[in-house]
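*Asks:* Please see the structure below; I have some questions.
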Amino acid sequence: MNSLPPRWQLPPNPDVPPEFIDAIKPYCPASEGRFAAQLLWQRELRDLEQLPGFLDCDRYHPASPFEFGKEMQYAVKRLLKAREAGEKVMIWGDFDADGITSTSVLWDGLGQFFAQYLQLDYYIPNRLTESHGLNLPGLEKLAAQGTRLIVTCDTGSTNIEEIDRAAELGIDIIVTDHHTLPEKRPNVVAIINPRYLEQSHPLYHLSGVACAYKLVEALYETLPDIAQKPLEELLDLVAIGLIADLVELRGDCRYLAKKGIKQLQKQLKNPTRPGVSLLLKLCQRNGDRPTDISFGLGPRINAVSRIHGDANFCVELLTSRDRDRARQLAEETELANSRRKELQKNVTNSVKKKLEQIDLSTTYIIVLEDPQWSAGVLGLVAGQIAQEYGRPTILLSTENNSREIENNERTAIPLNPSLKGGDGGNQLLLLARGSARSANEIDLYQLVHSQKHLLHRFGGHPYAAGLSIPVENIPLFVEAINQEVRLQIGTSELAPLVSADITVTVADLGKELFKELSLLEPCGMGNPVPKLLLENCWFTKIWHNNAKDSRGKKIQYIKTTFEIGDDSTPAKFPGVWWGHYKDELPADRSCNAIVELDYNTYKNQYEVRLIAVRDRRTDRVYQNDFYSPNILLDWRGEPIEEEKCDSTILLKDCPMNWEKISGEFYKAVTETQKLALAYSSPVSLNPTETWQKLAGIAKYLQRTRETTTYRKLQEKLDLSLQTLILGITALEAIGLEIKKNPLALQVIGIQEVKEHPATTIQRFLDAVKEEQFQRQFFYRVPLKTLQDTLSCPRDRDRTRPA
């Protein structure tokens, strides 16, 4: 079933005070500054005293690294001890862009105080076989090599077991990380993690690379006469990691990113990092804009581990001064990125085919698994699906597990009795590994953490996470996490939200507006790239083609080019729509479009990147996007002549909750149709009879060994999926052994009765009673009450059956 159509939303034009616009004008010599002022005001950046520091990084006062307090003092003291004693120090990094740049910053920065390769080295886990964080085999290996101090970057905060094992091996650990904190401080020398600071602190949003930089900065301040290279030379790496990672660019994050971009610009003219310079040329970028990182350098650095697993050479690529070696590594990186694009497209197509078989009206979080999916691109695809379908998305693969079981001790773990009702013996687990991405502002970390008893490993933050799970636990995980999301959001809020920031015309597009919007850069979490609404526009010269790699070979990755026009000017403006075909774009028809303004270095032209488009013939008002009066028709209990309902959506099944009816209401609104309440008076079995019928079906299935689907059981019992799952849990409580997957189930035997089965059965009976009560409410409630409540969804939770 297709997802709900996207919701479009445009904030009302704010009443920006003239003095605020006047404060912006000096920074916009070629324009009036009204667009920048409107955006800043909308984003509540209104303090005239703080505005100069926001717009000009040279007027910002960064925080001292020693504002991390005693933890930074402990870290510096331990590094000084290691330097004086000649101890072997290992940097433990990570394989994504933030982790690679963090490792590179420590490699170059600590390398001013420790002899590289002799006293200082680095270790980066393999994405495909080791996953994120510290691991026991790696620690054992480093201990055998004589390592006495490990400095982690972008990882390590929650690796409690591994940290304790390191202590047993005689290894001290300094953690630099920005991910979620453990419940208790780990047994480390120091932990440099901004999550320990107040949320209002300017260092709170630092990413892994920025934490690593602050440690190096503290060492530079403690030993000011040792380093031969300026600290500022590390800032280009800091900018790459900051912008490539999902952190809010506020406070010191914004300052470091802006300073770093200035440093990055130097790499094309006077490169101190030939690898970075060559990467910029390969991706046809100048290094002067955040998008050069987010769409150029970042994806390429990430692509290496996604394709090869091992990303160690990326540190050499970013830090080596050998131009020939850097060229070889840059070309390997570019080819990995080309392969990544193909894999990403193939997995995306496969995911969408699976979604066609799923009822998204009862799916609050997308969880899919396939043994053929490449684990390296699952995070990218999950992010794309989450955005497009408006639901948190978890994609899992068992692609590499057969090899892992043979070659990796960490996969051959004993079964945990909490994962399966076994005895904790040495049976091997078949694991699915994957990635999760959030949508609708749901805290993904807390969501997945709520099911930690079903997982093997898990880590991440509110927007993105990685996990592994025993394959046999996936059905239980799908059911439980779907219910958890259902408690947080309703179906009406699952439609993808496409927001625009300001309305412009084609005549406004160009160099002056580009320069004005650039005042907000670098953009990222909390300060997104401005989205521009173009109304009553049209597209011409539409064409699509495959992108090409650095060798001129076509990649199975589509982009559509076009020109866009409107009545404001006879001139047309060029644009591109990535990942879409020309047939998806309305030709020579009046449209509304949401775009981002960009500069194409390769073509030396300003252009727009299309985000979303709607044909005006089917478009609707998107401001205050849920109100539509008199859309409901009351045909409850009446005979229906369907041939007379061409422009009417029929709701034939009596709703059991607001989510069901609001989803249909929103569909009618977006398609500018009426919604007819065309359901009959609900007639249901009483809860006890429903339980007896369910138990009878289960006994029949156990006797015949037939497989049935959740959908069939719902139809036979007239229950929602959530209540049916409670019934299945009650069946298991009375001793039925049920084999489940996300779509079907089979009763395979009888086992011991669980504790307190009567409580579990009563929970099911109460849910059935509640559903029947809700049905009666939706059959009898006055039409005006429904209309008013659905038009104002914030009031829905206050409208309950009386």
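Residues are referred to by chain and number: the chain letter is A, B, ... according to the order shown in the structure tokens, the number counts from 1 in that chain, and ligands are numbered separately from 1 in the order shown.
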Extract, using only C-alpha atoms, all DNA, RNA and protein residues at most 9 Å from region 708-716 of chain A, discarding same-chain residues fewer than 5 positions from it, and format them as a list in words.
*Replies:*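 Contacts, with the query itself left out: Leu694, Ile697, Leu701, Leu721, Leu724, Ile725, Pro742, Leu743, Ala744, Leu745 and Gln746 of chain A.
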*Asks:* Write out, as a compact mmCIF listing (two decimals), in the first residue's frame, the residues just selected, with N, CA, C and O atoms.
*Replies:*
```txt
# COMPACT_ATOMS: atom_id res chain seq x y z
N LEU A 694 -11.08 -16.87 19.07
CA LEU A 694 -9.65 -16.85 18.79
C LEU A 694 -8.98 -18.14 19.24
O LEU A 694 -8.17 -18.73 18.51
N ILE A 697 -9.81 -20.93 16.78
CA ILE A 697 -9.01 -20.83 15.55
C ILE A 697 -7.60 -21.33 15.80
O ILE A 697 -7.02 -22.05 14.98
N LEU A 701 -5.55 -24.34 13.96
CA LEU A 701 -4.26 -24.13 13.30
C LEU A 701 -3.20 -25.08 13.86
O LEU A 701 -2.33 -25.58 13.13
N LEU A 721 -4.92 -4.63 14.62
CA LEU A 721 -3.69 -5.42 14.72
C LEU A 721 -3.15 -5.40 16.15
O LEU A 721 -2.70 -6.41 16.67
N LEU A 724 -5.17 -7.70 18.29
CA LEU A 724 -4.90 -9.08 17.88
C LEU A 724 -3.57 -9.56 18.47
O LEU A 724 -3.47 -10.70 18.94
N ILE A 725 -2.56 -8.71 18.47
CA ILE A 725 -1.26 -9.10 19.03
C ILE A 725 -1.39 -9.41 20.52
O ILE A 725 -0.76 -10.35 21.04
N PRO A 742 6.86 -11.08 10.38
CA PRO A 742 6.10 -9.83 10.32
C PRO A 742 4.75 -9.91 9.62
O PRO A 742 3.91 -9.03 9.82
N LEU A 743 4.50 -10.93 8.79
CA LEU A 743 3.26 -10.98 8.04
C LEU A 743 2.35 -12.15 8.40
O LEU A 743 1.15 -12.09 8.19
N ALA A 744 2.91 -13.24 8.91
CA ALA A 744 2.11 -14.47 9.11
C ALA A 744 2.53 -15.16 10.40
O ALA A 744 3.52 -14.81 11.04
N LEU A 745 1.72 -16.18 10.76
CA LEU A 745 2.04 -16.96 11.95
C LEU A 745 1.53 -18.39 11.80
O LEU A 745 0.66 -18.69 10.97
N GLN A 746 2.08 -19.28 12.66
CA GLN A 746 1.72 -20.69 12.61
C GLN A 746 1.79 -21.24 14.04
O GLN A 746 2.75 -20.98 14.78
```
*Asks:* Excluding region 25-33 of chain A and residues on its chain fewer than 5 positions from it, collect all residues at most 9 Å away from it, counting only C-alpha atoms, and give them as a list in words.
*Replies:*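 Non-adjacent residues within range: Phe20, Gln38, Leu55, Glu512, Leu513, Lys515, Glu516, Leu517 and Leu519 of chain A.
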*Asks:* Residues of region 8-132 of chain A classed as strand (DSSP E) by DSSP on the backbone are to be reported as a list in words.
*Replies:* Trp8, Gln9, Lys88, Val89, Met90, Ile91, Trp92, Leu120, Asp121, Tyr122 and Tyr123 of chain A
*Asks:* Rank nothing, just name the residue among A:Leu585, A:Val351, A:Leu677, A:Leu231 nearest to Ile631 (chain A), using only C-alpha atoms.
*Replies:*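 For Ile631 (chain A), the nearest of the candidates is A:Leu677.
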*Asks:* Within 9 Å of Tyr196 (chain A), counting only C-alpha atoms, which residues show up once you throw out same-chain ones fewer than 6 positions away? Write them as a VMD selection string, please.
*Replies:* chain A and resid 68 181 204
*Asks:* With only C-alpha atoms as the atoms that count, which of A:Asn604, A:Ser680, A:Asn527, A:Gln145 lies nearest to Gln42 (chain A)?
*Replies:*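 So, comparing all the options, the nearest one is A:Asn527.
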*Asks:* What's the 8 Å shell around Gln776 (chain A), counting only C-alpha atoms, without same-chain residues fewer than 4 positions away, as a PyMOL selection string?
*Replies:* chain A and resi 681-682+772+780
*Asks:* Find the distance between CA of Lys354 (chain A) and CA of Met656 (chain A) and write it in Å to one decimal.
*Replies:*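 Separation between CA of Lys354 (chain A) and CA of Met656 (chain A): 26.9 Å.
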*Asks:* Set the distance at 12 Å and use only C-alpha atoms: which residues neighbour Glu49 (chain A) once local chain neighbours fewer than 2 positions away are removed? I'd like the list as a VMD selection string.
*Replies:* chain A and resid 20 23 45 to 47 51 to 55 59 to 60
*Asks:* How would the residues just chosen look if you wrote them out with C-alpha atoms as a PDB file, in the first residue's frame?
*Replies:*
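File part34.pdb, as written:
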```pdb
ATOM      1  CA  PHE A  20      16.493  43.890  12.750  1.00  0.00           C
ATOM      2  CA  ALA A  23      21.204  45.078  11.356  1.00  0.00           C
ATOM      3  CA  LEU A  45      17.975  34.173  16.073  1.00  0.00           C
ATOM      4  CA  ARG A  46      16.792  37.597  17.192  1.00  0.00           C
ATOM      5  CA  ASP A  47      19.360  38.811  19.728  1.00  0.00           C
ATOM      6  CA  LEU A  51      23.968  38.348  15.808  1.00  0.00           C
ATOM      7  CA  PRO A  52      27.513  39.531  14.860  1.00  0.00           C
ATOM      8  CA  GLY A  53      29.046  36.366  16.336  1.00  0.00           C
ATOM      9  CA  PHE A  54      26.554  34.232  14.419  1.00  0.00           C
ATOM     10  CA  LEU A  55      27.158  35.943  11.069  1.00  0.00           C
ATOM     11  CA  ARG A  59      33.602  38.006  16.178  1.00  0.00           C
ATOM     12  CA  TYR A  60      32.668  34.817  18.064  1.00  0.00           C
TER      13      TYR A  60
END
```
*Asks:* Of the candidates A:Leu650, A:Leu633, A:Leu264, A:Leu318, which one gets nearest to Thr103 (chain A) if we count only C-alpha atoms?
*Replies:*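 Under the stated criterion, the closest residue is A:Leu318.
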*Asks:* Can you work out which one of A:Ala166, A:Ile649, A:Ile469, A:Ile173 has the shortest atom-to-atom distance to Arg78 (chain A), counting only C-alpha atoms?
*Replies:*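 Nearest candidate to Arg78 (chain A) out of A:Ala166, A:Ile649, A:Ile469, A:Ile173: A:Ile173.
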*Asks:* Using only C-alpha atoms, which residue out of A:Ala143, A:Val151, A:Ile191, A:Ala257 lies closest to Leu237 (chain A)?
*Replies:*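 Using only C-alpha atoms, Leu237 (chain A) sits closest to A:Ala257.
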*Asks:* Among region 8-213 of chain A, which residues carry a DSSP assignment of helix (DSSP H, G or I), reported as a ChimeraX atom specification?
*Replies:* /A:18-27,34-42,51-55,57-59,65-68,70-85,97-110,136-144,160-168,194-196,208-213
*Asks:* Please, what distance in Å, to one decimal, runs between CA of Glu521 (chain A) and CA of Ser499 (chain A)?
*Replies:*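 Atom-to-atom, CA of Glu521 (chain A) to CA of Ser499 (chain A), that is 18.6 Å.
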